[in-house]
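Here's the structure we're looking at; comments come further down.
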Amino acid sequence: MLENVSLFAAIPAHYLVQLEKLSVLRKYPKNTVLVTEGDESTHLYIVRKGTASAYLNNEDGRQVNLNYMHEGDYFGELSLLDGKPRSASVITVTECEIVLISKTSFHELLHVHPEFAMLMLTELTRRIRELTDSVKDMALLDVYGRVSSALEKLSDDKKRIHSPKITHQDIANMVGSSREMVSRIMKQLLIGEYIEQCSGYIEIKKTLPRYW
């Protein structure tokens, strides 16, 4: 399993085998909160099967979805690095199998394999760039543009957004808008043949508008 995770690409196979023996595999049903913002950190989480979502809640209970994580994705590394509480909450979107690596094993990996630390820096830099792009979208694009950007981020290399079905409320939570506004935009994108609702997925047919 771990050899398929980008974070461990530079780690020797024999060490990954040892690390897997020290890890724990757990299964969670849909809609299970895996970690809560503000919790103390004890493990690195790796998605083996299923889909999970990272999100934030404000004092009014409004939720903002940060991203969706699939097989091979991971979370929890920031708190393991700086020792501070979790920066976001994570919930399962489908049934999930999650591999848990303890804080002790994670720190040992950093000390024993310096190349892992360098790869970690590269991965963190990539995430910072993605965050910068998201902030830029929120600041400079109108709602149409933010919806377009969200759809592109959710799509695969064939421009398809697969199940589990992403609801209009999910998209609204990602772009900081209302469900009603997102529903109107999605309808216009369908009418304009920018997207097509297929069986089990949405397909992006042509370049999505940044402004309307």
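The way I read the labels, and the way they are meant: chains A, B, ... in the order of the structure tokens, residue 1 as the first residue of every chain, and ligand 1 as the first ligand shown, with later ones counted on from there.
The shell of residues at most 7 Å from range 182-190 of chain A, with only C-alpha atoms counted and near chain neighbours (fewer than 5 positions) removed, consists of Tyr144, His168, Ala172, Ile195 and Glu196 of chain A.
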Write to file, as a PDB file, in the first residue's frame, the residues of the selection just made, with N, CA and C atoms.
```
ATOM      1  N   TYR A 144     -19.236  32.277 -10.794  1.00  0.00           N
ATOM      2  CA  TYR A 144     -19.114  31.391 -11.956  1.00  0.00           C
ATOM      3  C   TYR A 144     -17.696  30.844 -12.058  1.00  0.00           C
ATOM      4  N   HIS A 168     -24.734  19.908  -5.116  1.00  0.00           N
ATOM      5  CA  HIS A 168     -24.618  21.361  -5.281  1.00  0.00           C
ATOM      6  C   HIS A 168     -24.235  22.026  -3.966  1.00  0.00           C
ATOM      7  N   ALA A 172     -21.107  24.421  -3.241  1.00  0.00           N
ATOM      8  CA  ALA A 172     -21.324  25.708  -2.570  1.00  0.00           C
ATOM      9  C   ALA A 172     -20.393  25.858  -1.377  1.00  0.00           C
ATOM     10  N   ILE A 195     -20.975  21.317 -19.653  1.00  0.00           N
ATOM     11  CA  ILE A 195     -20.904  20.051 -18.934  1.00  0.00           C
ATOM     12  C   ILE A 195     -22.062  19.162 -19.375  1.00  0.00           C
ATOM     13  N   GLU A 196     -21.903  17.862 -19.134  1.00  0.00           N
ATOM     14  CA  GLU A 196     -22.955  16.897 -19.464  1.00  0.00           C
ATOM     15  C   GLU A 196     -23.141  15.954 -18.284  1.00  0.00           C
TER      16      GLU A 196
END
```
All residues 9 Å or closer to Val64 in chain A, only C-alpha atoms, same chain fewer than 3 positions away omitted, as a ChimeraX atom specification: /A:54-58,170,172-176
Using the selection just defined, write its residues with N, CA and C atoms as a PDB file, in the first residue's frame.
```pdb
ATOM      1  N   ALA A  54     -11.856  17.102   3.800  1.00  0.00           N
ATOM      2  CA  ALA A  54     -11.361  18.009   4.836  1.00  0.00           C
ATOM      3  C   ALA A  54     -12.213  19.269   4.812  1.00  0.00           C
ATOM      4  N   TYR A  55     -12.585  19.762   6.002  1.00  0.00           N
ATOM      5  CA  TYR A  55     -13.480  20.915   6.041  1.00  0.00           C
ATOM      6  C   TYR A  55     -13.229  21.749   7.292  1.00  0.00           C
ATOM      7  N   LEU A  56     -13.768  22.968   7.271  1.00  0.00           N
ATOM      8  CA  LEU A  56     -13.720  23.884   8.406  1.00  0.00           C
ATOM      9  C   LEU A  56     -15.133  24.340   8.732  1.00  0.00           C
ATOM     10  N   ASN A  57     -15.392  24.632   9.989  1.00  0.00           N
ATOM     11  CA  ASN A  57     -16.661  25.212  10.421  1.00  0.00           C
ATOM     12  C   ASN A  57     -16.389  26.542  11.115  1.00  0.00           C
ATOM     13  N   ASN A  58     -17.236  27.549  10.832  1.00  0.00           N
ATOM     14  CA  ASN A  58     -17.084  28.805  11.571  1.00  0.00           C
ATOM     15  C   ASN A  58     -18.007  28.795  12.782  1.00  0.00           C
ATOM     16  N   ASP A 170     -22.275  20.641  -1.725  1.00  0.00           N
ATOM     17  CA  ASP A 170     -20.832  20.404  -1.592  1.00  0.00           C
ATOM     18  C   ASP A 170     -20.039  21.469  -2.344  1.00  0.00           C
ATOM     19  N   ALA A 172     -21.107  24.421  -3.241  1.00  0.00           N
ATOM     20  CA  ALA A 172     -21.324  25.708  -2.570  1.00  0.00           C
ATOM     21  C   ALA A 172     -20.393  25.858  -1.377  1.00  0.00           C
ATOM     22  N   ASN A 173     -20.192  24.777  -0.637  1.00  0.00           N
ATOM     23  CA  ASN A 173     -19.289  24.813   0.506  1.00  0.00           C
ATOM     24  C   ASN A 173     -17.846  25.029   0.088  1.00  0.00           C
ATOM     25  N   MET A 174     -17.501  24.601  -1.121  1.00  0.00           N
ATOM     26  CA  MET A 174     -16.139  24.769  -1.616  1.00  0.00           C
ATOM     27  C   MET A 174     -15.876  26.186  -2.097  1.00  0.00           C
ATOM     28  N   VAL A 175     -16.890  26.837  -2.651  1.00  0.00           N
ATOM     29  CA  VAL A 175     -16.665  28.133  -3.317  1.00  0.00           C
ATOM     30  C   VAL A 175     -17.185  29.319  -2.510  1.00  0.00           C
ATOM     31  N   GLY A 176     -17.767  29.061  -1.345  1.00  0.00           N
ATOM     32  CA  GLY A 176     -18.247  30.158  -0.518  1.00  0.00           C
ATOM     33  C   GLY A 176     -19.480  30.842  -1.070  1.00  0.00           C
TER      34      GLY A 176
END
```
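When only C-alpha atoms are used to measure the gap to Ile191 in chain A, the shortest distance among A:Arg179, A:Arg86, A:Lys205, A:Lys158 belongs to A:Lys205.
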Exercise: His14 in chain A partners within 12 Å, only C-alpha atoms, chain neighbours under 5 positions left out, as a PyMOL selection string: chain A and resi 2-3+19-21
DSSP strand (DSSP E) residues within range 46-188 of chain A, as a ChimeraX atom specification: /A:46-49,52-57,63-69,74-75,89-92,96-102,160-162
Close residues, Ala88 in chain A itself excluded, 12 Å, only C-alpha atoms, min 5 positions apart in chain, as number ranges by chain: A: 33-41, 53-58, 63-67, 75-79
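Among A:Leu208, A:Leu110, A:Ile98, A:Ala10, the residue with the shortest atom-to-atom distance to Asp73 in chain A, counting only C-alpha atoms, is A:Ile98.
Distance annotation: of A:Ala117, A:Ile46, A:Met69, A:Ala52, the residue with the minimal separation from Leu81 in chain A is A:Ala117; atom set is only C-alpha atoms.
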Selected residue of minimal separation from Cys96 in chain A among A:Tyr28, A:Phe116, A:Tyr45, A:Tyr74, counting only C-alpha atoms: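 For Cys96 in chain A, the nearest of the candidates is A:Tyr28.
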Long-range neighbours of Ile166 in chain A as a list in words, 10 Å cut-off, only C-alpha atoms, 5 positions minimum in chain: Val93, Leu151, Leu154, Ile161, Ile171, Tyr201 and Ile202 of chain A
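Ranking A:Arg62, A:Pro12, A:Asp157, A:Val99 by their shortest atom-to-atom distance to Gln169 in chain A, with only C-alpha atoms included, puts A:Arg62 first.
Of the listed residues A:Glu71, A:Thr42, A:Asp133, A:Ile91, the one whose atoms come nearest to His107 in chain A is A:Thr42, with distances taken using only C-alpha atoms.
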Backbone DSSP call of helix (DSSP H, G or I) for range 33-166 of chain A, listed as an NGL selection string: :A and (77-82 or 103-112 or 114-140 or 143-154)
